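**Student:** TSV, C-alpha atoms, file start_5.tsv:
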```
chain	number	residue	atom	x	y	z
A	30	VAL	CA	-45.75	-65.87	32.92
A	31	GLY	CA	-44.24	-63.76	35.66
A	32	ALA	CA	-40.76	-62.87	36.89
A	33	VAL	CA	-40.58	-65.98	39.09
A	34	ASP	CA	-41.50	-68.24	36.16
A	35	VAL	CA	-38.81	-66.64	34.00
A	36	ALA	CA	-36.17	-67.01	36.73
A	37	LEU	CA	-37.03	-70.71	37.18
A	38	ALA	CA	-36.98	-71.40	33.44
A	39	GLN	CA	-33.60	-69.66	33.01
A	40	ARG	CA	-32.13	-72.06	35.54
A	41	GLY	CA	-33.76	-75.14	34.04
A	42	LEU	CA	-35.93	-75.65	37.13
A	43	PRO	CA	-39.47	-77.04	36.98
A	44	PRO	CA	-42.33	-74.55	36.81
A	45	ARG	CA	-44.31	-73.54	39.87
A	46	ARG	CA	-47.39	-75.50	40.85
A	47	ILE	CA	-50.01	-72.80	41.25
A	48	ALA	CA	-52.75	-73.94	43.62
A	49	VAL	CA	-54.81	-70.75	43.86
A	50	ARG	CA	-55.34	-67.76	41.60
A	51	VAL	CA	-56.90	-64.61	43.01
A	52	PRO	CA	-58.56	-61.80	41.07
A	53	TYR	CA	-56.68	-59.09	42.97
A	54	PHE	CA	-53.02	-59.28	43.97
A	55	LEU	CA	-53.59	-57.54	47.30
A	56	ILE	CA	-55.71	-60.37	48.68
A	57	ALA	CA	-53.01	-62.98	48.09
A	58	PRO	CA	-51.27	-62.38	51.46
A	59	LEU	CA	-54.62	-62.84	53.21
A	60	VAL	CA	-55.21	-66.14	51.39
A	61	VAL	CA	-51.77	-67.35	52.49
A	62	THR	CA	-52.49	-66.57	56.16
A	63	ARG	CA	-55.35	-69.09	56.05
A	64	SER	CA	-53.57	-71.85	54.15
A	65	ASP	CA	-50.33	-73.80	53.87
A	66	HIS	CA	-49.49	-72.14	50.53
A	67	VAL	CA	-46.45	-70.07	49.63
A	68	LEU	CA	-46.61	-66.64	48.03
A	69	THR	CA	-43.87	-64.89	46.11
A	70	ALA	CA	-44.55	-61.16	46.20
A	71	PRO	CA	-42.76	-57.80	46.27
A	72	ARG	CA	-40.84	-57.15	49.48
A	73	ARG	CA	-42.65	-53.90	50.28
A	74	LEU	CA	-46.07	-55.51	49.94
A	75	ILE	CA	-45.15	-58.39	52.22
A	76	ALA	CA	-43.54	-56.05	54.76
A	77	ALA	CA	-46.79	-54.13	55.05
A	78	PHE	CA	-48.89	-57.28	55.49
A	79	SER	CA	-46.46	-59.04	57.84
A	80	GLU	CA	-46.94	-56.29	60.43
A	81	ALA	CA	-50.65	-57.08	60.68
A	82	TYR	CA	-50.85	-60.78	59.80
A	83	PRO	CA	-48.95	-63.90	60.93
A	84	LEU	CA	-46.72	-64.35	57.89
A	85	GLN	CA	-43.31	-66.00	57.87
A	86	VAL	CA	-41.14	-64.04	55.47
A	87	PHE	CA	-38.15	-65.55	53.66
A	88	ALA	CA	-35.86	-64.33	50.93
A	89	PRO	CA	-36.44	-66.17	47.64
A	90	PRO	CA	-34.02	-69.05	47.04
A	91	LEU	CA	-32.99	-67.54	43.69
A	92	PRO	CA	-32.70	-63.97	42.44
A	93	VAL	CA	-35.92	-62.64	40.93
A	94	PRO	CA	-35.58	-59.72	38.51
A	95	PRO	CA	-37.54	-56.51	39.10
A	96	PHE	CA	-40.74	-55.92	37.18
A	97	ASP	CA	-42.53	-52.95	35.68
A	98	ILE	CA	-45.51	-51.25	37.23
A	99	ILE	CA	-47.66	-49.51	34.65
A	100	GLN	CA	-50.54	-47.09	34.69
A	101	VAL	CA	-52.96	-47.02	31.78
A	102	TRP	CA	-55.77	-44.55	31.12
A	103	HIS	CA	-57.87	-43.20	28.29
A	104	GLU	CA	-56.57	-40.04	26.61
A	105	ARG	CA	-59.71	-38.11	27.52
A	106	PHE	CA	-58.45	-38.10	31.12
A	107	ASP	CA	-54.99	-36.79	30.21
A	108	GLY	CA	-55.66	-33.22	31.26
A	109	ASP	CA	-58.20	-33.88	34.00
A	110	PRO	CA	-56.73	-32.31	37.19
A	111	ALA	CA	-58.12	-34.95	39.56
A	112	HIS	CA	-56.93	-37.79	37.34
A	113	ARG	CA	-53.47	-36.22	36.98
A	114	TRP	CA	-53.28	-35.82	40.76
A	115	LEU	CA	-54.19	-39.49	41.31
A	116	ARG	CA	-51.68	-40.69	38.69
A	117	GLY	CA	-48.96	-38.59	40.33
A	118	LEU	CA	-49.87	-39.92	43.78
A	119	VAL	CA	-49.65	-43.52	42.58
A	120	ALA	CA	-46.33	-42.87	40.80
A	121	ARG	CA	-44.78	-41.25	43.86
A	122	ALA	CA	-46.06	-44.10	46.06
A	123	VAL	CA	-43.93	-46.53	44.06
A	124	GLY	CA	-40.93	-44.20	44.05
A	125	VAL	CA	-41.21	-42.58	40.63
A	126	ASN	CA	-41.47	-38.90	39.80
A	127	PRO	CA	-44.06	-38.83	37.03
A	128	PRO	CA	-42.97	-37.03	33.86
A	129	VAL	CA	-45.05	-34.11	32.67
A	130	SER	CA	-46.14	-35.23	29.21
A	131	ARG	CA	-47.94	-33.45	26.44
A	132	ASN	CA	-48.11	-36.70	24.48
A	133	THR	CA	-51.67	-37.63	23.52
A	134	ARG	CA	-51.30	-41.40	23.39
A	135	SER	CA	-54.22	-43.21	24.99
A	136	SER	CA	-52.03	-44.81	27.64
A	137	ARG	CA	-48.93	-43.99	29.64
A	138	GLN	CA	-46.31	-46.13	31.29
A	139	VAL	CA	-44.43	-45.31	34.48
A	140	ARG	CA	-41.49	-47.53	35.34
A	141	ARG	CA	-40.54	-48.29	38.92
A	142	LYS	CA	-36.85	-47.90	39.65
A	143	PRO	CA	-35.29	-51.28	40.57
A	144	ALA	CA	-34.76	-51.72	44.29
A	145	SER	CA	-31.14	-51.57	45.32
```
Is it possible to express this structure as structure tokens?
**Tutor:**
Amino acid sequence: VGAVDVALAQRGLPPRRIAVRVPYFLIAPLVVTRSDHVLTAPRRLIAAFSEAYPLQVFAPPLPVPPFDIIQVWHERFDGDPAHRWLRGLVARAVGVNPPVSRNTRSSRQVRRKPAS
């Protein structure tokens, strides 16, 4: 269940009819370019794909709440310099300054700030 499903259910609307599921989210815009399907996806993702592919972009007909983006890794990589660099790069790419943590949990979560 995703953010779109929750928004529909809160308004008493019928659920989506999902015609295709893809193993990786980034290929969904490419699938849509070769079909008559509709894709609901983050604005920044669609903006990047709509420059290179023939996509018609519309605002959703109802407000969709923001969602969390998380990073998860094994604790043995906590202090690895290359792994820390990559985690920081990913966090900054989504607009988050990663916290410096000494916590030894086996996973970490980085929240994306809601778009304004």
**Student:** Restrict the calculation to all atoms listed in the file, then for each residue of region 31-60 of chain A with any atom at most 8 Å from an atom of region 76-99 of chain A give the closest atom pair and their distance in Å to one decimal, rows by chain and rising residue number, as CSV.
**Tutor:**
```
residue,atom,partner,partner_atom,distance
A:Ala32,CA,A:Pro94,CA,6.3
A:Val33,CA,A:Val93,CA,6.0
A:Ala36,CA,A:Val93,CA,6.1
A:Pro58,CA,A:Phe78,CA,6.9
A:Leu59,CA,A:Tyr82,CA,7.9
```
**Student:** Measure the distance from CA of Leu74 (chain A) to CA of Ile56 (chain A) in Å and round it to one decimal.
**Tutor:** 10.9 Å
**Student:** Could you tell me how far CA of Pro44 (chain A) sits from CA of His66 (chain A), in Å to one decimal place?
**Tutor:** 15.7 Å
**Student:** So how far away is CA of Trp114 (chain A) from CA of Gln100 (chain A), in Å?
**Tutor:**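 Computing the Euclidean distance for CA of Gln100 (chain A) and CA of Trp114 (chain A) yields 13.1 Å.
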**Student:** Take every atom of region 75-86 of chain A listed in the file, pad by 8 Å on each side, and give me the axis-aligned box centre and edge lengths in Å, one decimal, as AutoDock Vina command-line options.
**Tutor:**
```
--center_x -46.0 --center_y -60.1 --center_z 56.6 --size_x 25.7 --size_y 27.9 --size_z 24.7
```
**Student:** Just checking: using only C-alpha atoms, which residue out of A:Pro110, A:Gly31, A:Pro43, A:Leu115 ends up closest to Ala70 (chain A)?
**Tutor:**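 Between A:Pro110, A:Gly31, A:Pro43, A:Leu115, the residue approaching Ala70 (chain A) most closely is A:Gly31.
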